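Source file coords36.tsv; content: TSV, C-alpha atoms and all ligand atoms.
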```tsv
chain	number	residue	atom	x	y	z
A	1	MET	CA	-14.97	10.59	1.26
A	2	ASP	CA	-16.98	11.68	4.27
A	3	PHE	CA	-19.92	9.91	5.90
A	4	LYS	CA	-22.29	11.70	3.53
A	5	ALA	CA	-20.63	9.86	0.64
A	6	VAL	CA	-21.36	6.47	2.19
A	7	ILE	CA	-24.57	5.00	0.79
A	8	GLY	CA	-27.01	3.70	3.43
A	9	GLN	CA	-25.40	1.91	6.41
A	10	GLU	CA	-26.88	4.44	8.83
A	11	GLU	CA	-26.55	2.19	11.85
A	12	VAL	CA	-22.84	1.54	11.31
A	13	LYS	CA	-22.27	5.27	10.76
A	14	ARG	CA	-24.03	6.14	14.01
A	15	THR	CA	-22.04	3.54	15.96
A	16	LEU	CA	-18.69	4.70	14.59
A	17	ILE	CA	-19.39	8.40	15.08
A	18	SER	CA	-20.54	7.90	18.65
A	19	GLU	CA	-17.54	5.70	19.47
A	20	ALA	CA	-15.21	8.27	17.92
A	21	ASP	CA	-16.85	11.16	19.77
A	22	GLY	CA	-16.78	9.27	23.04
A	23	GLY	CA	-13.15	8.24	22.61
A	24	ARG	CA	-14.23	4.60	22.70
A	25	LEU	CA	-12.90	3.48	19.34
A	26	PRO	CA	-10.67	0.41	19.53
A	27	HIS	CA	-7.19	0.91	18.09
A	28	ALA	CA	-7.80	-1.82	15.52
A	29	LEU	CA	-11.07	-2.18	13.68
A	30	MET	CA	-12.00	-4.51	10.85
A	31	LEU	CA	-14.88	-3.74	8.52
A	32	THR	CA	-16.33	-6.74	6.74
A	33	GLY	CA	-19.29	-7.33	4.46
A	34	PRO	CA	-20.12	-8.30	0.89
A	35	GLU	CA	-18.54	-6.59	-2.11
A	36	GLY	CA	-20.01	-3.20	-2.90
A	37	CYS	CA	-21.62	-2.57	0.51
A	38	GLY	CA	-19.29	0.38	1.15
A	39	LYS	CA	-16.57	-0.89	3.50
A	40	MET	CA	-13.79	1.26	2.06
A	41	PRO	CA	-15.94	4.42	1.84
A	42	MET	CA	-16.86	3.84	5.50
A	43	ALA	CA	-13.22	3.34	6.54
A	44	LEU	CA	-12.17	6.51	4.71
A	45	ALA	CA	-15.04	8.50	6.21
A	46	LEU	CA	-14.12	7.40	9.72
A	47	ALA	CA	-10.43	8.12	9.18
A	48	ARG	CA	-11.15	11.54	7.78
A	49	TYR	CA	-13.51	12.26	10.67
A	50	LEU	CA	-10.83	11.33	13.20
A	51	CYS	CA	-8.24	13.52	11.48
A	52	CYS	CA	-10.52	16.56	11.08
A	53	ARG	CA	-9.46	19.43	13.34
A	54	ASN	CA	-12.70	21.29	13.09
A	55	LYS	CA	-15.55	18.83	13.58
A	56	SER	CA	-18.85	20.65	13.72
A	57	ALA	CA	-20.49	20.90	17.13
A	58	GLU	CA	-23.22	18.49	16.19
A	59	GLY	CA	-20.55	15.99	15.10
A	60	GLN	CA	-21.82	13.79	12.27
A	61	ASP	CA	-19.11	14.54	9.72
A	62	ALA	CA	-15.72	16.06	8.91
A	63	CYS	CA	-15.72	19.81	8.22
A	64	GLY	CA	-14.34	19.52	4.70
A	65	THR	CA	-12.35	22.75	4.90
A	66	CYS	CA	-9.54	22.38	7.47
A	67	LEU	CA	-6.02	21.50	6.31
A	68	SER	CA	-6.49	17.85	7.19
A	69	CYS	CA	-9.78	17.61	5.30
A	70	ARG	CA	-8.26	19.25	2.25
A	71	GLN	CA	-5.36	16.81	2.28
A	72	TRP	CA	-7.87	13.99	2.60
A	73	GLU	CA	-9.68	15.28	-0.46
A	74	GLN	CA	-6.63	14.25	-2.51
A	75	LEU	CA	-5.66	11.33	-0.29
A	76	ILE	CA	-2.34	12.95	0.53
A	77	HIS	CA	-2.66	13.27	4.32
A	78	PRO	CA	0.86	12.69	5.69
A	79	ASP	CA	-0.37	10.68	8.70
A	80	VAL	CA	-2.44	8.23	6.69
A	81	HIS	CA	-0.80	5.09	5.34
A	82	PHE	CA	-2.33	2.63	2.93
A	83	VAL	CA	-1.49	-1.04	2.67
A	84	PHE	CA	-3.03	-3.05	-0.18
A	85	PRO	CA	-2.21	-6.09	-2.31
A	86	ILE	CA	0.07	-5.44	-5.26
A	87	VAL	CA	1.99	-7.32	-7.88
A	88	ALA	CA	5.63	-6.38	-7.42
A	89	ASN	CA	7.34	-5.41	-10.64
A	90	LYS	CA	11.04	-4.79	-10.42
A	91	ALA	CA	11.43	-3.58	-13.99
A	92	ARG	CA	8.72	-0.94	-13.50
A	93	LYS	CA	10.16	-0.02	-10.08
A	94	LYS	CA	6.90	-0.91	-8.42
A	95	GLU	CA	7.78	-3.22	-5.59
A	96	ASN	CA	5.83	-1.83	-2.65
A	97	CYS	CA	2.63	0.06	-1.88
A	98	ASP	CA	4.34	3.44	-1.81
A	99	GLU	CA	5.42	2.94	-5.40
A	100	TRP	CA	1.88	2.03	-6.42
A	101	ILE	CA	0.30	4.88	-4.48
A	102	SER	CA	-0.51	7.17	-7.40
A	103	ALA	CA	-2.39	4.37	-9.22
A	104	TRP	CA	-4.17	3.60	-5.94
A	105	ARG	CA	-5.17	7.24	-5.36
A	106	GLU	CA	-6.33	7.62	-8.93
A	107	MET	CA	-8.65	4.61	-8.58
A	108	LEU	CA	-10.11	5.72	-5.24
A	109	LEU	CA	-10.63	9.30	-6.33
A	110	ASN	CA	-12.35	8.02	-9.43
A	111	ASN	CA	-14.69	5.63	-7.61
A	112	LEU	CA	-14.84	4.81	-3.89
A	113	TYR	CA	-16.97	1.77	-4.70
A	114	PHE	CA	-14.18	0.10	-6.65
A	115	THR	CA	-13.78	-3.68	-6.74
A	116	TYR	CA	-10.84	-6.05	-6.58
A	117	THR	CA	-11.16	-6.49	-10.35
A	118	ASP	CA	-10.96	-2.71	-10.80
A	119	TRP	CA	-7.70	-2.66	-8.86
A	120	ILE	CA	-6.21	-5.46	-10.94
A	121	GLN	CA	-7.14	-3.57	-14.09
A	122	GLN	CA	-5.78	-0.35	-12.65
A	123	MET	CA	-2.42	-2.04	-12.03
A	124	GLU	CA	-2.58	-3.66	-15.48
A	125	VAL	CA	-1.60	-7.00	-14.03
A	126	GLU	CA	-4.33	-9.33	-15.29
A	127	ASN	CA	-3.42	-12.98	-14.73
A	128	SER	CA	-1.40	-12.27	-11.59
A	129	GLN	CA	-2.39	-12.74	-7.98
A	130	PRO	CA	-1.65	-9.60	-5.94
A	131	VAL	CA	-0.44	-10.05	-2.35
A	132	ILE	CA	0.52	-7.87	0.59
A	133	TYR	CA	4.23	-8.55	0.86
A	134	THR	CA	5.97	-9.07	4.18
A	135	ARG	CA	8.06	-5.94	3.62
A	136	GLU	CA	4.92	-3.80	3.95
A	137	SER	CA	4.78	-4.68	7.66
A	138	ASP	CA	8.36	-3.42	8.01
A	139	ASN	CA	7.44	-0.26	6.11
A	140	ILE	CA	4.51	0.42	8.43
A	141	GLN	CA	6.64	-0.25	11.49
A	142	ARG	CA	9.21	2.23	10.21
A	143	LYS	CA	6.60	4.89	9.43
A	144	LEU	CA	4.96	4.52	12.83
A	145	SER	CA	8.29	4.84	14.60
A	146	LEU	CA	8.37	8.46	13.41
A	147	LYS	CA	6.28	11.20	14.97
A	148	SER	CA	2.88	12.15	13.65
A	149	VAL	CA	3.40	14.96	11.13
A	150	GLN	CA	0.35	16.96	12.17
A	151	GLY	CA	0.35	15.95	15.81
A	152	GLY	CA	-2.99	14.18	15.53
A	153	TRP	CA	-4.17	10.69	14.67
A	154	ARG	CA	-2.12	8.37	12.56
A	155	ILE	CA	-4.15	5.96	10.50
A	156	VAL	CA	-3.14	2.75	8.77
A	157	ILE	CA	-5.71	1.46	6.33
A	158	ILE	CA	-5.17	-2.16	5.31
A	159	TRP	CA	-7.28	-3.23	2.37
A	160	LEU	CA	-7.77	-7.01	2.11
A	161	PRO	CA	-5.71	-8.29	5.06
A	162	GLU	CA	-6.57	-11.79	3.77
A	163	LYS	CA	-3.93	-11.24	1.08
A	164	MET	CA	-1.10	-10.74	3.58
A	165	GLN	CA	1.85	-13.08	3.38
A	166	GLU	CA	1.99	-15.04	6.61
A	167	ALA	CA	5.32	-13.68	7.79
A	168	GLY	CA	4.04	-10.16	7.22
A	169	ALA	CA	0.84	-10.85	9.13
A	170	ASN	CA	2.89	-12.17	12.03
A	171	LYS	CA	5.01	-9.04	12.04
A	172	MET	CA	1.88	-6.90	11.98
A	173	LEU	CA	0.61	-8.66	15.12
A	174	LYS	CA	3.02	-6.84	17.39
A	175	LEU	CA	1.85	-3.50	16.06
A	176	LEU	CA	-1.79	-4.44	16.44
A	177	GLU	CA	-1.18	-5.57	19.99
A	178	GLU	CA	0.77	-2.58	21.18
A	179	PRO	CA	0.21	0.25	18.73
A	180	PRO	CA	1.88	3.62	19.28
A	181	ALA	CA	-0.37	6.26	20.88
A	182	GLN	CA	-3.12	7.86	18.76
A	183	THR	CA	-2.72	5.27	16.06
A	184	MET	CA	-5.64	3.53	14.46
A	185	PHE	CA	-5.59	0.42	12.27
A	186	LEU	CA	-8.51	0.11	9.92
A	187	LEU	CA	-8.76	-3.24	8.16
A	188	VAL	CA	-11.16	-3.73	5.28
A	189	SER	CA	-11.78	-7.37	4.49
A	190	GLU	CA	-13.88	-9.16	1.92
A	191	GLU	CA	-12.99	-12.67	3.11
A	192	PRO	CA	-12.41	-12.44	6.88
A	193	GLN	CA	-12.39	-16.25	7.12
A	194	LYS	CA	-9.06	-16.16	5.28
A	195	VAL	CA	-7.45	-13.66	7.66
A	196	LEU	CA	-4.91	-15.13	10.05
A	197	GLY	CA	-6.68	-16.09	13.30
A	198	THR	CA	-4.19	-14.25	15.48
A	199	ILE	CA	-4.94	-11.04	13.58
A	200	LEU	CA	-8.68	-11.61	13.84
A	201	SER	CA	-8.47	-11.96	17.59
A	202	ARG	CA	-6.77	-8.58	17.91
A	203	VAL	CA	-9.27	-6.48	15.98
A	204	GLN	CA	-12.84	-5.47	16.67
A	205	HIS	CA	-15.21	-6.54	13.90
A	206	ILE	CA	-17.92	-4.46	12.38
A	207	SER	CA	-19.95	-6.34	9.86
A	208	MET	CA	-21.80	-4.31	7.24
A	209	PRO	CA	-24.91	-5.71	5.55
A	210	ARG	CA	-25.56	-5.68	1.80
A	211	LEU	CA	-27.28	-2.54	0.61
A	212	LYS	CA	-31.03	-2.44	0.11
A	213	ASP	CA	-32.26	-2.20	-3.49
A	214	GLU	CA	-33.95	1.13	-2.66
A	215	GLU	CA	-30.69	2.60	-1.33
A	216	ILE	CA	-28.82	1.59	-4.47
A	217	SER	CA	-31.59	2.89	-6.67
A	218	GLN	CA	-31.65	6.27	-4.89
A	219	ALA	CA	-27.88	6.62	-5.11
A	220	LEU	CA	-27.89	5.85	-8.85
A	221	HIS	CA	-30.59	8.45	-9.35
A	222	LEU	CA	-28.66	11.00	-7.29
A	223	HIS	CA	-25.18	10.40	-8.72
A	224	LEU	CA	-25.89	9.41	-12.31
A	225	GLY	CA	-29.22	11.17	-12.84
A	226	MET	CA	-30.74	7.96	-14.21
A	227	GLU	CA	-34.48	7.65	-14.45
A	228	THR	CA	-36.17	6.11	-11.44
A	229	GLU	CA	-37.51	3.05	-13.20
A	230	GLU	CA	-34.17	2.22	-14.76
A	231	CYS	CA	-32.44	2.75	-11.39
A	232	MET	CA	-34.71	0.21	-9.75
A	233	MET	CA	-34.02	-2.35	-12.44
A	234	VAL	CA	-30.24	-1.92	-12.21
A	235	ALA	CA	-30.48	-2.03	-8.41
A	236	ARG	CA	-32.38	-5.32	-8.46
A	237	MET	CA	-29.69	-6.89	-10.62
A	238	ALA	CA	-26.91	-5.67	-8.38
A	239	ASN	CA	-27.60	-8.00	-5.46
A	240	GLY	CA	-26.90	-5.39	-2.81
A	241	SER	CA	-23.63	-4.21	-4.35
A	242	TYR	CA	-23.33	-0.57	-5.39
A	243	SER	CA	-20.14	-1.49	-7.27
A	244	LYS	CA	-22.08	-3.96	-9.41
A	245	ALA	CA	-24.85	-1.43	-9.96
A	246	LEU	CA	-22.34	1.16	-11.13
A	247	GLY	CA	-20.76	-1.42	-13.40
A	248	THR	CA	-24.07	-2.20	-15.06
A	249	ALA	CA	-25.16	1.41	-15.24
A	250	THR	CA	-21.95	2.90	-16.57
A	251	THR	CA	-20.35	0.25	-18.73
A	252	GLU	CA	-23.15	-1.11	-20.82
A	253	GLU	CA	-20.42	-2.43	-23.08
A	254	GLY	CA	-18.80	-4.50	-20.35
A	255	SER	CA	-21.96	-6.26	-19.30
A	256	SER	CA	-23.06	-6.86	-22.82
A	257	GLU	CA	-19.68	-8.43	-23.60
A	258	LEU	CA	-20.44	-11.07	-20.96
A	259	PHE	CA	-23.88	-11.47	-22.44
A	260	GLN	CA	-22.57	-11.88	-26.00
A	261	GLN	CA	-20.04	-14.44	-24.88
A	262	PHE	CA	-22.66	-16.37	-22.93
A	263	THR	CA	-25.12	-16.50	-25.81
A	264	SER	CA	-22.33	-17.66	-28.15
A	265	LEU	CA	-21.39	-20.38	-25.67
A	266	MET	CA	-24.93	-21.70	-25.57
A	267	ARG	CA	-25.50	-21.46	-29.32
A	268	LEU	CA	-22.23	-23.19	-30.13
A	269	ALA	CA	-22.88	-25.93	-27.58
A	270	TRP	CA	-26.25	-26.53	-29.21
A	271	SER	CA	-24.99	-26.45	-32.81
A	272	ARG	CA	-21.79	-28.43	-32.06
A	273	LYS	CA	-19.63	-26.59	-34.56
A	274	VAL	CA	-16.24	-27.79	-33.37
A	275	LYS	CA	-14.13	-25.25	-35.25
A	276	GLU	CA	-16.12	-22.35	-33.82
A	277	MET	CA	-16.13	-23.94	-30.40
A	278	LYS	CA	-12.34	-23.97	-30.51
A	279	ALA	CA	-12.28	-20.33	-31.60
A	280	TRP	CA	-14.59	-19.44	-28.72
A	281	SER	CA	-12.31	-21.13	-26.16
A	282	GLU	CA	-9.30	-19.35	-27.60
A	283	GLU	CA	-11.06	-16.03	-27.31
A	284	MET	CA	-11.94	-16.76	-23.68
A	285	ALA	CA	-8.34	-17.76	-22.97
A	286	ASP	CA	-7.24	-14.26	-24.02
A	287	TRP	CA	-9.34	-12.63	-21.31
A	288	GLY	CA	-7.65	-11.89	-17.98
A	289	ARG	CA	-8.22	-14.41	-15.22
A	290	GLU	CA	-10.47	-12.11	-13.16
A	291	ARG	CA	-12.60	-11.42	-16.22
A	292	GLN	CA	-12.80	-15.15	-16.93
A	293	LYS	CA	-14.08	-15.68	-13.39
A	294	ASP	CA	-16.58	-12.84	-13.89
A	295	PHE	CA	-17.79	-14.62	-17.00
A	296	LEU	CA	-18.24	-17.97	-15.26
A	297	LEU	CA	-20.15	-16.32	-12.42
A	298	TYR	CA	-22.27	-14.46	-14.92
A	299	ALA	CA	-23.01	-17.69	-16.80
A	300	GLN	CA	-24.12	-19.33	-13.55
A	301	ARG	CA	-26.46	-16.45	-12.89
A	302	MET	CA	-27.92	-16.69	-16.41
A	303	ILE	CA	-28.51	-20.43	-16.01
A	304	ARG	CA	-30.17	-19.87	-12.64
A	305	GLU	CA	-32.33	-17.13	-14.15
A	306	SER	CA	-33.27	-19.27	-17.14
A	307	PHE	CA	-34.26	-22.10	-14.84
A	308	THR	CA	-36.41	-19.88	-12.64
A	309	ALA	CA	-37.97	-18.30	-15.74
A	310	ASN	CA	-39.55	-21.72	-16.29
A	311	LEU	CA	-41.35	-21.31	-12.99
A	312	HIS	CA	-42.95	-18.15	-14.38
A	313	ARG	CA	-42.21	-16.20	-11.27
A	314	ALA	CA	-41.20	-12.79	-12.50
A	315	GLU	CA	-40.14	-11.58	-9.08
A	316	LEU	CA	-37.29	-14.08	-9.07
A	317	ASN	CA	-35.75	-12.60	-12.17
A	318	TYR	CA	-33.00	-10.00	-11.98
A	319	MET	CA	-32.16	-9.27	-15.56
A	320	ASN	CA	-31.93	-6.41	-18.00
A	321	ARG	CA	-34.11	-6.30	-21.11
A	322	GLU	CA	-31.57	-7.90	-23.42
A	323	GLU	CA	-31.07	-10.77	-20.97
A	324	GLN	CA	-34.80	-11.17	-20.42
A	325	GLN	CA	-35.43	-11.50	-24.14
A	326	PHE	CA	-32.75	-14.13	-24.53
A	327	THR	CA	-33.81	-16.02	-21.42
A	328	SER	CA	-37.43	-16.22	-22.48
A	329	ARG	CA	-36.32	-18.12	-25.60
A	330	PHE	CA	-33.53	-20.04	-23.91
A	331	ALA	CA	-35.39	-21.11	-20.77
A	332	PRO	CA	-36.88	-24.29	-22.27
A	333	PHE	CA	-33.33	-25.62	-22.74
A	334	VAL	CA	-32.64	-25.53	-19.00
A	335	SER	CA	-34.72	-28.00	-17.03
A	336	GLU	CA	-34.61	-30.07	-13.87
A	337	ARG	CA	-32.75	-32.69	-15.89
A	338	ASN	CA	-29.73	-30.63	-16.83
A	339	ALA	CA	-29.67	-27.45	-14.69
A	340	MET	CA	-27.54	-28.95	-11.93
A	341	GLY	CA	-25.19	-30.56	-14.43
A	342	ILE	CA	-24.61	-27.26	-16.24
A	343	MET	CA	-24.08	-25.41	-12.94
A	344	ASN	CA	-21.56	-28.03	-11.84
A	345	GLU	CA	-19.58	-27.68	-15.07
A	346	LEU	CA	-19.48	-23.89	-14.73
A	347	GLN	CA	-18.38	-24.12	-11.09
A	348	GLU	CA	-15.73	-26.68	-11.94
A	349	ALA	CA	-14.39	-24.43	-14.70
A	350	GLN	CA	-14.25	-21.60	-12.16
A	351	VAL	CA	-12.22	-23.73	-9.73
A	352	HIS	CA	-9.84	-24.72	-12.51
A	353	ILE	CA	-9.35	-21.11	-13.57
A	354	GLU	CA	-8.58	-20.20	-9.96
A	355	GLN	CA	-6.07	-23.04	-9.86
A	356	ASN	CA	-4.34	-21.72	-12.96
A	357	VAL	CA	-5.23	-24.63	-15.23
A	358	ASN	CA	-4.66	-23.78	-18.90
A	359	ALA	CA	-7.63	-21.55	-19.77
A	360	LYS	CA	-7.98	-22.73	-23.37
A	361	MET	CA	-8.39	-26.30	-22.13
A	362	VAL	CA	-10.78	-25.31	-19.36
A	363	PHE	CA	-13.10	-23.45	-21.72
A	364	PHE	CA	-12.94	-26.03	-24.48
A	365	ASP	CA	-13.70	-28.77	-21.99
A	366	LEU	CA	-16.59	-26.71	-20.65
A	367	ILE	CA	-18.17	-26.23	-24.05
A	368	LEU	CA	-17.76	-29.94	-24.88
A	369	GLN	CA	-19.56	-30.93	-21.68
A	370	LEU	CA	-22.30	-28.46	-22.45
A	371	THR	CA	-22.93	-29.95	-25.92
A	372	VAL	CA	-24.08	-33.11	-24.15
A	373	LEU	CA	-25.98	-31.43	-21.32
A	374	ILE	CA	-27.86	-28.97	-23.46
A	375	LYS	CA	-29.35	-31.74	-25.64
A	376	ASN	CA	-30.60	-33.45	-22.51
A	377	HIS	CA	-33.13	-30.89	-21.48
A	401	ZN	ZN	-11.88	19.18	8.79
```

Once more with this new file: its structure as C-alpha cells, please.
Amino acid sequence: MDFKAVIGQEEVKRTLISEADGGRLPHALMLTGPEGCGKMPMALALARYLCCRNKSAEGQDACGTCLSCRQWEQLIHPDVHFVFPIVANKARKKENCDEWISAWREMLLNNLYFTYTDWIQQMEVENSQPVIYTRESDNIQRKLSLKSVQGGWRIVIIWLPEKMQEAGANKMLKLLEEPPAQTMFLLVSEEPQKVLGTILSRVQHISMPRLKDEEISQALHLHLGMETEECMMVARMANGSYSKALGTATTEEGSSELFQQFTSLMRLAWSRKVKEMKAWSEEMADWGRERQKDFLLYAQRMIRESFTANLHRAELNYMNREEQQFTSRFAPFVSERNAMGIMNELQEAQVHIEQNVNAKMVFFDLILQLTVLIKNH
C-alpha cells in the first residue's frame, strides 16, 4: 500500500508527495473519483508515506522497512484509525468499526481495489444498508484525545463519508475544524454530492480521473500475468475501473452468472412462458440487493451494446466473446422502437430495488413489461 501500488494517477501522486514534503498538506483532504480509480490505495499510500520515519532522500515513497511501514503492511499502525460504514449487529457483538476491523483488514489486504459490494459481501450483510453511526464520531474524538502512540502523525481515514448519520457528521465538524496537532483526516468518497455541505466546505478536494484503458491493461498483465490481448479486452470492458477489470478477470463465474441470467430474461420474455417467468423472478429475489442492482446495471449495458451493435460500429462495443456472440444474434430485437422503453423499465426496476420494493414483484413486473416491448422491435 505505497505509491508504487497505485495504478496510474501520476499527477495526483506528484501533487500529494510534494505537498507532504513541503509541509503544505491540509489537515483534511477528500479524495473523490469514480469507482475503481484508486482512491483508497492513494489514501493509504499517502498515510503510510506521512507515517514513515525513514523516507528516502529522493522522497517518492515510504521506505517499507521501518517500524511504521511494517505496521502499515498489516494495517495495524496504532496511530491510524479507520471509519467505514457497517451494519451493527448486537448478537454478533459487531456494533462499531473497531469490532469490524479484522474483516475490514482482511478485505483490504486481499485487494486494495475493493468495491462497496465487496465490503457488503465481506460483512455478510446482503440486503442491509450500511451506515457510519454517530457513535463513530465519539470514538474518534476519544481516540484523538489521547497522545500519538509513536509520536508522529495520527491519521483518520473515513471511507464513504456520504454514509455518515447526520448527527455524527455534525459532531465530526468540530474535529475537522480544529483538529489536534499532527492529525490528518483523509476522506474517500464515491458520491461527494451526498456529503453534508458543512463537511465539504472544511476539506480540500482532490478529484481523481478514471483510469486509462492502457493503465488497466498493463496492471492486469503485471499483477495477473494475463496475455496482452486479453488484458486489453478486459480493460476496455472495465470503463476505467480497475475493480471492475479485476472482477471480470478473476471471477469468470460471477460475470457469466449475470450473463446467464440476462439471456434467460430475454428468452423468457420472448417465449412468454409464465411459469418459468415466475421461477426466474423468484430466483432473482433470492439474490442480495447489491447483486440485484449489479444485474440491472449489467442488463442496461447489454441492451445499450445490443443497440449499438446494430450500428455496426465495433469500436463502440465493450464485450467479452460470450457476450459478443449473444449480442450479434440478439441485436435485431433491440431497435429504435423499443430500446428506450426497455432501458426505462430496467432503470425503474433499479429504483424500486433501491427503495426496498418487494424484489419478486419488481422482477416479475419487469419481465412482464419486457414481453410486450421485445415483440415490438
Ligand atoms: Zn518507513

Given all atoms listed in the file as the counted atoms, nearest of A:Asp61, A:Glu162, A:Glu227, A:Glu177 to Gln193 (chain A): A:Glu162

Could I get the residues of chain A with an atom no further than 7 Å from an atom of ligand ZN 401 (chain A), each paired with its nearest atom pair and that distance in Å to one decimal, using only C-alpha atoms and all ligand atoms, sorted by chain and residue number, as JSON lines?
```
{"residue": "A:Cys52", "atom": "CA", "partner": "A:ZN401", "partner_atom": "ZN", "distance": 3.7}
{"residue": "A:Arg53", "atom": "CA", "partner": "A:ZN401", "partner_atom": "ZN", "distance": 5.2}
{"residue": "A:Asn54", "atom": "CA", "partner": "A:ZN401", "partner_atom": "ZN", "distance": 4.9}
{"residue": "A:Lys55", "atom": "CA", "partner": "A:ZN401", "partner_atom": "ZN", "distance": 6.0}
{"residue": "A:Ala62", "atom": "CA", "partner": "A:ZN401", "partner_atom": "ZN", "distance": 4.9}
{"residue": "A:Cys63", "atom": "CA", "partner": "A:ZN401", "partner_atom": "ZN", "distance": 3.9}
{"residue": "A:Gly64", "atom": "CA", "partner": "A:ZN401", "partner_atom": "ZN", "distance": 4.8}
{"residue": "A:Thr65", "atom": "CA", "partner": "A:ZN401", "partner_atom": "ZN", "distance": 5.3}
{"residue": "A:Cys66", "atom": "CA", "partner": "A:ZN401", "partner_atom": "ZN", "distance": 4.2}
{"residue": "A:Leu67", "atom": "CA", "partner": "A:ZN401", "partner_atom": "ZN", "distance": 6.8}
{"residue": "A:Ser68", "atom": "CA", "partner": "A:ZN401", "partner_atom": "ZN", "distance": 5.8}
{"residue": "A:Cys69", "atom": "CA", "partner": "A:ZN401", "partner_atom": "ZN", "distance": 4.4}
```

Among listed residues A:Asn170, A:Asn320, A:Thr115, A:Gln369, nearest Ala249 (chain A) (using only C-alpha atoms): A:Asn320

Interatomic distance, CA of Leu46 (chain A) to CA of Ser137 (chain A) (Å, one decimal): 22.5 Å

Spatial neighbours of Glu336 (chain A), max dist 12 Å, only C-alpha atoms, sep filter under 6 positions, as a ChimeraX atom specification: /A:303-304,306-308,310-311,342-343,373-374,376-377

Å distance separating CA of Val125 (chain A) from CA of Leu44 (chain A), one decimal place: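 Going from CA of Val125 (chain A) over to CA of Leu44 (chain A) covers 25.4 Å.
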
Residue nearest Met1 (chain A) among A:Val80, A:Ala28, A:Ala45, A:Leu175 (counting all atoms listed in the file): A:Ala45

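The space separating CA of Gly168 (chain A) from CA of Tyr133 (chain A) comes to 6.6 Å.
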
Axis-aligned box for all listed atoms of region 365-377 of chain A, 4 Å per side, centre and edges in Å to one decimal, as AutoDock Vina command-line options:
```
--center_x -23.4 --center_y -29.8 --center_z -23.3 --size_x 27.4 --size_y 15.2 --size_z 13.3
```

Nearest residue to Met284 (chain A) from the set A:Ile353, A:Ala88, A:Cys231, A:Leu368 (distances using all atoms listed in the file):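 Of A:Ile353, A:Ala88, A:Cys231, A:Leu368, the one nearest Met284 (chain A) is A:Ile353, counting all atoms listed in the file.
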
Distance criterion (only C-alpha atoms): nearest to Gln122 (chain A) out of A:Val87, A:Ile155, A:Ile7, A:Met40: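 Distance minimum relative to Gln122 (chain A) lands on A:Val87.
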